[in-house]
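Asker: This is target_2.txt, which holds compact mmCIF, C-alpha atoms:
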```
# COMPACT_ATOMS: atom_id res chain seq x y z
CA MET Y 16 0.00 0.00 0.00
CA LYS Y 17 1.18 3.52 -0.76
CA LEU Y 18 0.04 5.52 2.25
CA ARG Y 19 0.54 9.26 2.08
CA HIS Y 20 -0.78 10.90 5.22
CA TRP Y 21 -1.61 14.50 4.38
CA PHE Y 22 -2.21 17.00 7.14
CA ALA Y 23 -3.87 20.38 7.00
CA THR Y 24 -0.81 22.24 5.78
CA LEU Y 25 -1.69 22.07 2.09
CA CYS Y 26 -2.16 25.28 0.17
CA ALA Y 27 -5.69 26.30 -0.81
CA ALA Y 28 -6.67 25.53 -4.39
CA ALA Y 29 -6.60 28.45 -6.78
CA ALA Y 30 -10.04 29.65 -7.81
CA LEU Y 31 -11.09 28.50 -11.26
CA PRO Y 32 -13.04 30.73 -13.61
CA ALA Y 33 -16.72 29.79 -13.61
CA LEU Y 34 -18.19 28.34 -16.79
CA ALA Y 35 -21.85 28.38 -17.78
CA ILE Y 36 -22.58 24.70 -17.20
CA GLU Y 37 -26.15 23.50 -16.78
CA GLY Y 38 -27.27 20.20 -15.36
CA ARG Y 39 -29.25 17.76 -17.53
CA GLU Y 40 -31.61 15.54 -15.57
CA ILE Y 41 -31.88 11.94 -16.78
CA ALA Y 42 -34.01 8.98 -15.78
CA LEU Y 43 -32.16 5.88 -14.68
CA PRO Y 44 -33.40 2.57 -16.15
CA ASP Y 45 -35.72 0.11 -14.37
CA ASN Y 46 -37.43 2.85 -12.39
CA LEU Y 47 -34.28 3.39 -10.31
CA GLY Y 48 -34.82 7.13 -10.11
CA THR Y 49 -32.96 10.09 -11.53
CA ALA Y 50 -29.54 11.67 -11.84
CA VAL Y 51 -28.17 14.98 -13.13
CA VAL Y 52 -25.37 15.11 -15.71
CA TYR Y 53 -23.00 18.08 -15.92
CA SER Y 54 -20.94 17.90 -19.13
CA ALA Y 55 -17.47 19.38 -19.24
CA ALA Y 56 -16.77 21.89 -22.00
CA THR Y 57 -14.39 19.60 -23.85
CA THR Y 58 -14.61 17.36 -26.90
CA GLU Y 59 -11.70 15.05 -26.07
CA PRO Y 60 -12.44 11.97 -23.91
CA GLY Y 61 -11.33 12.62 -20.35
CA PRO Y 62 -12.01 11.72 -16.71
CA ALA Y 63 -15.53 11.65 -15.34
CA VAL Y 64 -16.95 11.53 -11.83
CA ILE Y 65 -19.95 9.94 -10.11
CA VAL Y 66 -21.00 12.16 -7.18
CA VAL Y 67 -22.96 10.66 -4.28
CA HIS Y 68 -24.74 13.01 -1.88
CA GLU Y 69 -24.77 13.37 1.91
CA TRP Y 70 -27.53 11.75 3.94
CA TRP Y 71 -29.70 14.81 3.22
CA GLY Y 72 -30.28 13.56 -0.32
CA LEU Y 73 -29.55 14.96 -3.77
CA ASN Y 74 -29.82 18.60 -2.74
CA ASP Y 75 -28.27 21.79 -4.10
CA TYR Y 76 -24.97 21.11 -2.33
CA ALA Y 77 -24.45 17.77 -4.08
CA ARG Y 78 -25.48 19.26 -7.42
CA ASP Y 79 -23.09 22.18 -6.93
CA ARG Y 80 -20.20 19.78 -6.29
CA ALA Y 81 -20.94 17.99 -9.56
CA ARG Y 82 -21.15 21.35 -11.33
CA GLN Y 83 -17.78 22.36 -9.85
CA LEU Y 84 -16.23 19.21 -11.27
CA ALA Y 85 -17.61 20.05 -14.70
CA GLU Y 86 -16.23 23.58 -14.38
CA ALA Y 87 -12.85 22.00 -13.65
CA GLY Y 88 -13.09 20.04 -16.91
CA TYR Y 89 -14.57 16.71 -15.80
CA THR Y 90 -17.98 15.42 -16.83
CA ALA Y 91 -19.90 14.58 -13.66
CA ILE Y 92 -23.14 12.87 -12.72
CA ALA Y 93 -24.89 13.50 -9.40
CA VAL Y 94 -26.91 10.37 -8.68
CA ASP Y 95 -29.92 10.20 -6.39
CA MET Y 96 -29.22 7.20 -4.15
CA TYR Y 97 -32.66 7.58 -2.56
CA GLY Y 98 -34.25 7.14 -5.95
CA HIS Y 99 -36.94 9.73 -6.46
CA GLY Y 100 -36.04 13.17 -5.19
CA GLN Y 101 -36.22 12.66 -1.44
CA VAL Y 102 -34.40 15.55 0.24
CA ALA Y 103 -34.36 16.12 4.00
CA ASP Y 104 -34.05 19.28 6.08
CA HIS Y 105 -34.27 17.49 9.43
CA PRO Y 106 -31.92 14.75 10.72
CA THR Y 107 -34.85 12.46 11.53
CA ASP Y 108 -35.94 12.44 7.90
CA ALA Y 109 -32.37 12.09 6.64
CA GLN Y 110 -31.83 9.10 8.92
CA ALA Y 111 -35.03 7.48 7.66
CA PHE Y 112 -34.11 8.04 4.00
CA MET Y 113 -30.61 6.67 4.54
CA GLN Y 114 -31.79 3.58 6.42
CA ALA Y 115 -34.35 2.83 3.71
CA ALA Y 116 -31.62 3.03 1.06
CA LEU Y 117 -29.20 0.88 3.06
CA ALA Y 118 -31.92 -1.76 3.44
CA GLU Y 119 -31.80 -2.25 -0.34
CA PRO Y 120 -28.06 -2.59 -1.15
CA GLU Y 121 -28.74 -4.25 -4.50
CA LYS Y 122 -30.80 -1.26 -5.62
CA MET Y 123 -28.10 1.15 -4.46
CA GLY Y 124 -25.54 -0.81 -6.44
CA ALA Y 125 -27.81 -0.74 -9.48
CA ARG Y 126 -28.14 3.05 -9.22
CA PHE Y 127 -24.37 3.44 -9.04
CA ASP Y 128 -23.90 1.13 -12.04
CA ALA Y 129 -26.56 3.01 -13.99
CA ALA Y 130 -24.82 6.32 -13.27
CA ARG Y 131 -21.56 4.85 -14.47
CA ALA Y 132 -23.20 3.58 -17.65
CA ALA Y 133 -24.66 7.05 -18.27
CA LEU Y 134 -21.19 8.55 -18.06
CA VAL Y 135 -19.71 5.95 -20.41
CA ALA Y 136 -22.37 6.94 -22.96
CA GLU Y 137 -21.10 10.55 -22.97
CA SER Y 138 -18.86 11.24 -25.98
CA ASN Y 139 -16.30 13.19 -23.93
CA VAL Y 140 -15.78 10.52 -21.25
CA ASP Y 141 -12.85 8.10 -21.08
CA ALA Y 142 -14.45 4.89 -19.74
CA GLY Y 143 -11.16 3.89 -18.15
CA ARG Y 144 -10.97 7.07 -16.04
CA ILE Y 145 -14.21 7.14 -14.06
CA TYR Y 146 -14.10 8.14 -10.40
CA GLY Y 147 -16.55 7.94 -7.52
CA VAL Y 148 -16.75 10.85 -5.08
CA GLY Y 149 -18.98 10.86 -2.01
CA TYR Y 150 -19.78 13.10 0.92
CA CYS Y 151 -20.86 11.78 4.35
CA PHE Y 152 -23.28 8.93 3.46
CA GLY Y 153 -21.96 9.14 -0.10
CA GLY Y 154 -18.41 8.63 1.11
CA ALA Y 155 -19.41 5.28 2.59
CA VAL Y 156 -21.16 4.40 -0.69
CA VAL Y 157 -18.09 4.96 -2.88
CA LEU Y 158 -15.82 3.19 -0.39
CA HIS Y 159 -18.14 0.19 -0.54
CA GLN Y 160 -17.74 0.21 -4.32
CA ALA Y 161 -13.97 0.14 -3.92
CA ARG Y 162 -14.15 -2.68 -1.35
CA MET Y 163 -16.24 -4.75 -3.75
CA GLY Y 164 -13.67 -4.31 -6.52
CA ALA Y 165 -15.62 -1.90 -8.74
CA ASP Y 166 -13.91 -1.03 -12.01
CA LEU Y 167 -13.13 2.58 -11.13
CA ALA Y 168 -9.97 4.65 -11.53
CA GLY Y 169 -10.40 5.96 -7.98
CA VAL Y 170 -12.81 6.78 -5.20
CA ALA Y 171 -12.73 9.75 -2.84
CA SER Y 172 -14.59 9.99 0.47
CA PHE Y 173 -15.11 13.31 2.25
CA HIS Y 174 -16.15 13.09 5.91
CA GLY Y 175 -17.65 9.68 5.20
CA SER Y 176 -17.96 6.72 7.54
CA LEU Y 177 -14.96 4.38 7.24
CA GLY Y 178 -16.39 1.38 9.08
CA THR Y 179 -17.82 -1.68 7.38
CA ASP Y 180 -19.21 -5.13 8.00
CA SER Y 181 -17.67 -6.27 4.70
CA PRO Y 182 -13.96 -5.39 4.73
CA ALA Y 183 -12.00 -5.57 1.51
CA GLU Y 184 -10.32 -8.85 0.71
CA PRO Y 185 -6.59 -8.83 -0.15
CA GLY Y 186 -6.17 -7.70 -3.74
CA ALA Y 187 -9.84 -6.77 -4.16
CA VAL Y 188 -9.49 -2.97 -4.30
CA LYS Y 189 -8.73 -1.91 -7.88
CA ALA Y 190 -9.41 1.80 -7.43
CA ARG Y 191 -7.04 4.25 -5.84
CA VAL Y 192 -8.53 5.62 -2.63
CA LEU Y 193 -8.57 9.18 -1.26
CA VAL Y 194 -10.05 9.81 2.19
CA ALA Y 195 -10.41 13.23 3.82
CA THR Y 196 -11.61 13.19 7.41
CA GLY Y 197 -11.89 15.55 10.36
CA GLY Y 198 -9.53 14.78 13.21
CA ALA Y 199 -12.20 15.83 15.74
CA ASP Y 200 -15.16 14.18 14.00
CA PRO Y 201 -17.01 12.06 16.60
CA MET Y 202 -18.85 10.28 13.78
CA VAL Y 203 -15.53 9.02 12.40
CA PRO Y 204 -13.45 8.45 15.58
CA PRO Y 205 -9.71 7.71 15.55
CA GLU Y 206 -10.27 3.99 16.16
CA GLN Y 207 -12.40 3.77 13.02
CA VAL Y 208 -9.74 5.61 11.03
CA GLY Y 209 -7.04 3.29 12.33
CA ASN Y 210 -9.06 0.18 11.50
CA PHE Y 211 -9.68 1.52 8.00
CA VAL Y 212 -5.98 2.12 7.39
CA THR Y 213 -5.25 -1.43 8.55
CA GLU Y 214 -7.98 -2.77 6.27
CA MET Y 215 -6.64 -0.91 3.23
CA SER Y 216 -3.09 -1.98 4.03
CA THR Y 217 -4.14 -5.63 4.26
CA ALA Y 218 -6.06 -5.28 1.00
CA GLY Y 219 -3.00 -3.77 -0.71
CA ALA Y 220 -4.87 -0.61 -1.66
CA ASP Y 221 -3.29 2.64 -2.85
CA LEU Y 222 -4.55 4.96 -0.11
CA THR Y 223 -4.14 8.67 0.42
CA LEU Y 224 -5.41 9.77 3.85
CA MET Y 225 -5.94 13.40 4.83
CA SER Y 226 -6.66 14.15 8.50
CA PHE Y 227 -7.50 17.69 9.59
CA PRO Y 228 -6.84 18.36 13.29
CA GLY Y 229 -9.70 20.02 15.18
CA VAL Y 230 -12.11 19.65 12.25
CA VAL Y 231 -15.52 18.01 12.71
CA HIS Y 232 -18.10 16.42 10.42
CA SER Y 233 -19.35 17.85 7.11
CA PHE Y 234 -16.42 20.26 6.81
CA THR Y 235 -16.81 20.71 3.04
CA ASN Y 236 -20.40 21.97 3.24
CA PRO Y 237 -20.71 25.76 3.75
CA GLY Y 238 -24.15 25.28 5.29
CA ALA Y 239 -22.97 22.75 7.87
CA THR Y 240 -22.27 25.18 10.72
CA GLU Y 241 -25.79 26.59 10.78
CA VAL Y 242 -27.34 23.12 10.49
CA GLY Y 243 -25.15 21.90 13.32
CA LYS Y 244 -26.27 24.73 15.58
CA THR Y 245 -29.93 24.28 14.69
CA HIS Y 246 -29.99 20.55 15.39
CA ASN Y 247 -27.25 20.37 18.04
CA MET Y 248 -25.03 18.19 15.88
CA PRO Y 249 -21.21 18.12 15.54
CA LEU Y 250 -21.25 19.71 12.08
CA ALA Y 251 -19.18 22.70 10.97
CA TYR Y 252 -17.74 24.05 7.76
CA ASP Y 253 -13.97 24.51 7.67
CA GLU Y 254 -12.69 26.63 4.79
CA HIS Y 255 -9.12 25.39 4.92
CA ALA Y 256 -10.07 21.72 5.07
CA ASP Y 257 -12.56 22.23 2.25
CA GLN Y 258 -10.09 23.96 -0.04
CA ALA Y 259 -7.18 21.65 0.77
CA SER Y 260 -9.21 18.49 0.24
CA TRP Y 261 -10.62 19.86 -3.04
CA LYS Y 262 -7.10 20.61 -4.24
CA ALA Y 263 -6.11 17.06 -3.34
CA LEU Y 264 -9.09 15.73 -5.30
CA MET Y 265 -8.03 17.66 -8.40
CA GLU Y 266 -4.53 16.21 -8.11
CA PHE Y 267 -5.98 12.75 -7.45
CA ILE Y 268 -8.05 12.81 -10.63
CA ASN Y 269 -5.18 14.17 -12.69
```
Would you write the structure of this file as structure tokens?
Answerer:
Amino acid sequence: MKLRHWFATLCAAAALPALAIEGREIALPDNLGTAVVYSAATTEPGPAVIVVHEWWGLNDYARDRARQLAEAGYTAIAVDMYGHGQVADHPTDAQAFMQAALAEPEKMGARFDAARAALVAESNVDAGRIYGVGYCFGGAVVLHQARMGADLAGVASFHGSLGTDSPAEPGAVKARVLVATGGADPMVPPEQVGNFVTEMSTAGADLTLMSFPGVVHSFTNPGATEVGKTHNMPLAYDEHADQASWKALMEFIN
């Protein structure tokens, strides 16, 4: 395993000029739900990214992340893992939506595969350079794909759960793995991080781990601090961690 432990001393990513990129909603086959495709302004086949949302559902934040990837030159698809537009504003609803999705792992896998197939159908996508990126709940989703040996160039988890009941078998992980986590996140405690590193090492995975001291859950989401205060949850945006982890993602994809 190549383990590069990045700390929060990375420089912030330079701001990219915004492009006028609009999302195109598509229906997934077999009544699996919907997804939104953001096409990069390029004609040459290049990398593409599947974006999986936080436990709140496919909201504006998840869509904006996919749009940002397209602005950076990568075609992206934001997939609705809950299926049909369920978006929560309250943790109780988010928990219910997430548990319902987790109770149907085959359907979640089918949604991910359908999103991948939609990207492959895009003329400016290199099928050999597709990545999975997830936030919170979505981070666990893309890591599960890596553990199961999905044919992806890489997966990146941002403040996602690292625990699992189905650890990766030796040699199973084909994708490179990037994990960014808050060092003070009670939802992803140090023991869980340590167990994950051991799991990836045993599996022989190529892992890049970023740990941000003093940073808590949902640090990439600018709305997290207000939500955390409203619902008394350990959520808070951290500008440095957000920018540094985004810069690392751009380097990871390149």
Asker: So, with only C-alpha atoms as the atoms that count, which of Y:Asp253, Y:Glu69, Y:Glu59, Y:Asp221 lies closest to Y:Gln101?
Answerer: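 Selected residue with least distance to Y:Gln101: Y:Glu69.
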Asker: Can you pull out every residue within 10 Å of Y:Ala56, counting all atoms listed in the file, but drop anything in the same chain fewer than 6 positions away, and send it as JSON, numbers by chain?
Answerer: {"Y": [34, 35, 36, 85, 86, 87, 88, 89, 90, 139]}
Asker: Would you output that residue set with C-alpha atoms, as a PDB file, keeping the file's coordinate frame?
Answerer:
```
ATOM      1  CA  LEU Y  34     -18.190  28.340 -16.790  1.00  0.00           C
ATOM      2  CA  ALA Y  35     -21.850  28.380 -17.780  1.00  0.00           C
ATOM      3  CA  ILE Y  36     -22.580  24.700 -17.200  1.00  0.00           C
ATOM      4  CA  ALA Y  85     -17.610  20.050 -14.700  1.00  0.00           C
ATOM      5  CA  GLU Y  86     -16.230  23.580 -14.380  1.00  0.00           C
ATOM      6  CA  ALA Y  87     -12.850  22.000 -13.650  1.00  0.00           C
ATOM      7  CA  GLY Y  88     -13.090  20.040 -16.910  1.00  0.00           C
ATOM      8  CA  TYR Y  89     -14.570  16.710 -15.800  1.00  0.00           C
ATOM      9  CA  THR Y  90     -17.980  15.420 -16.830  1.00  0.00           C
ATOM     10  CA  ASN Y 139     -16.300  13.190 -23.930  1.00  0.00           C
TER      11      ASN Y 139
END
```
Asker: Can you pull out every residue within 9 Å of Y:Gly178, counting all atoms listed in the file, but drop anything in the same chain fewer than 6 positions away, and send it as a list of chain:residue names?
Answerer: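 So, after excluding close chain neighbours, the residues are Y:Ala155, Y:Val203, Y:Gln207, Y:Val208, Y:Asn210, Y:Phe211.
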Asker: Using all atoms listed in the file, find the one residue out of Y:His255, Y:His99, Y:Gln114, Y:Ala142 that sits nearest to Y:Val64.
Answerer: Y:Ala142
Asker: Let me make sure I understand: among Y:Ile92, Y:Val230, Y:Cys151, Y:Leu264, which one has the smallest atom-to-atom distance to Y:Ala130 if we use only C-alpha atoms?
Answerer: Y:Ile92
Asker: Using all atoms listed in the file, collect all residues at a distance of at most 6 Å from (-14.6, 14.6, 0.9) as written in the file, then present them as an MDAnalysis selection string.
Answerer: chainID Y and resid 150 172:174 195
Asker: Those selected residues, please, written with C-alpha atoms and delivered as a JSON list (two decimals), in the coordinates of the input.
Answerer:
```
[["chain", "number", "residue", "atom", "x", "y", "z"],
["Y", 150, "TYR", "CA", -19.78, 13.10, 0.92],
["Y", 172, "SER", "CA", -14.59, 9.99, 0.47],
["Y", 173, "PHE", "CA", -15.11, 13.31, 2.25],
["Y", 174, "HIS", "CA", -16.15, 13.09, 5.91],
["Y", 195, "ALA", "CA", -10.41, 13.23, 3.82]]
```
